[in-house]
Every structure is written in C-alpha cells, then in structure tokens.
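Notes for the one structure printed next.
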Amino acid sequence: RTGSASKSAAAMLGLEKEDRPEGFLDAKAFPHFRVLLQAAEGYARHSGCRFRKGSFSELPADGDEVPEGSRLASKLHAAPTVQEFMEKVRGQTDQALATELNEAFNILWSESMRCSMVARCQQLDLWPPYPPPEGIEATDVDCSKDTSSLFAMAQRLYNQEQQRNASSTRLLSTASFLADFAFEAGLPTPQFFLTRDPVTEKFETLAEDYEQNLASPPTPRRRTWWLPWNMIWDAGEWLLDVFSRVWRPLRDNMCSLRTKKLQ
C-alpha cells in the first residue's frame with residue numbers, strides 16, 4: 001500500500017483536527033488531484049460525491065444557455081479538467097497521481113474493515129462494551145494496540161466513532177470519488193482491497209468465540225444423585241445409620257444386664 005505510511009491512522013480516518021473549508025471534497029488531502037477536485041466540487045454536490053464518466057458525455061455546446069448552479073452547469077465547468085486528468089490516470093505515467101489513488105483505496109479499505117468490526121460489535125451488544133474495560137481513555141482509538149481482548153478492541157472502536165466529524169466524512173467522500181475516477185479510467189482495483197487486515201482477522205476470531213459462548217454456555221456439571229443406583233446406595237446408608245442408632249442402646253442394655261448377672 002504505497003504511500004499510506006506517510007500518514008497516521010488518525011489522519012487517514014479524518015480524526016486529526018485540521019482547519020479545512022467546508023465542502024464535499026477535501027482537495028487538501030490529495031494535493032496532486034487538487035485541481036480536479038476543486039473543479040469537480042459542484043459536480044460532487046449533485047452526484048453525492050460519486051463519479052461517472054458517462055455524466056460528461058454528450059454535453060451541450062458552450063454557447064447554449066445553462067442555468068447557473070445546475071447539475072449541467074457543474075458538469076460543463078468540470079469537463080475540461082476531468083478530461084485532462086482522465087488521460088493522465090489512464091497513461092499511468094504520473095507516479096504522484098498513482099500514489100494518491102493508492103492512498104484513496106487504502107482509506108476506503110481501512111474504513112471497510114472498521115465498518116465490519118463496528119457492525120459486529122453492535123450485533124454482539126458491545127457498542128460500547130459494558131462495563132468498559134479498565135485503562136482505556138476516551139482518546140484511545142487504536143484498536144490494533146491490544147488484539148488479545150475483544151472488549152478492549154470494541155471500546156477503542158467506539159472511541160474512534162465518537163471522534164469522527166465532518167472532516168472524516170469529507171475525506172471518505174473524496175477517497176470514494178477518486179476510487180470511482182480510477183475505475184472509470186480503467187485502472188484495476190488494488191489487490192489488497194480484496195483482503196482483510198490481520199487486526200480484523202483477529203477481531204473476527206475473538207467475536208466468533210464470544211458469540212459461540214453466548215449461544216452455547218459452558219455445560220454445568222451433571223448431578224448424579226438422582227440415578228437409581230445412587231438412590232439405593234444413599235437409602236441403604238440412611239437405613240444403616242438409623243439401625244445403628246436404635247441398636248446401640250439395646251446392645252448397651254444387654255451388655256449391662258449380662259454384667260450384673262455375672263456379678
């Protein structure tokens with residue numbers, strides 16, 4: 001995942017506090033695509049931050065009157081820049097663009113892993129876990145720090161969710177827009193996008209064990225006192241005890257009488 005190491009996990013997920021202008025696309029996060037993203041801001045507002053190459057086909061001529069601020073106007077404004085960057089991406093000659101596209105896919109990949117773990121926590125009623133694990137502060141959002149405890153991982157995922165903001169949404173929307181752009185340009189999806197990271201694998205293993213324990217709690221120790229032969233044995237012991245209590249005084253009396261007679 002080339003280039004992903006240059007950003008922290010918090011930055012990739014949009015958790016770092018940065019002063020960014022409001023908008024649907026975060027042009028600062030991908031500086032080599034800044035021109036494209038700024039030109040396509042209006043189009044992204046109308047498309048829900050999705051990109052489709054077909055949206056820019058059969059556009060009217062420049063001389064035609066188009067309502068300002070309309071979806072068509074946003075397409076006409078972005079079309080020349082879209083065409084320029086489409087050719088650059090298709091050529092795969094600009095390494096900086098390739099690196100940032102890979103970074104966009106990495107952000108979406110990380111988000112898909114996070115969403116799968118969040119959904120699992122909600123399914124297991126661990127959102128958040130109660131009682132909360134000890135020693136985990138509200139600012140602790142790195143669930144890869146301790147992968148030995150499902151509850152610790154769930155708590156850190158919950159902390160991360162609480163810190164997400166509009167910046168997180170813009171970053172993810174921009175990454176999705178660029179991934180669409182790469183797909184429409186004919187670039188293949190990175191291989192890592194089709195895999196799961198070790199943290200998610202470990203989380204899922206812990207979740208499966210926890211769910212199995214919920215569905216099949218440990219079998220209690222079987223009591224054997226009700227078995228017929230045990231009942232007979234216990235009854236025999238009880239009768240013997242009763243007989244001993246009755247017989248002991250009789251035996252003592254008989255021994256006393258015998259002793260007196262001999263005297």
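Please note that chains go A, B, ... in the order of the structure tokens, that every chain numbers its residues from 1, and that ligands are numbered from 1 in the order shown.
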
| task | Looking only at alpha helix (DSSP H) from DSSP on the backbone, list the matching residues of stretch 19-126 of chain A as number ranges by chain. | result | A: 34-39, 41-47, 71-91, 95-123

Could you tell me which of A:Ala61, A:Leu150, A:Ala179, A:Ala29 comes closest to A:Trp109 if we count only C-alpha atoms?
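Using only C-alpha atoms, the shortest distance to A:Trp109 belongs to A:Ala179.
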
- Determine, counting only C-alpha atoms, which protein, DNA and RNA residues have an atom within 7 Å of an atom of stretch 42-58 of chain A; residues of the same chain fewer than 2 positions away are not included. Present the result as a ChimeraX atom specification. /A:24,40,60,71,74-75,79,173,176-177,180-181,184
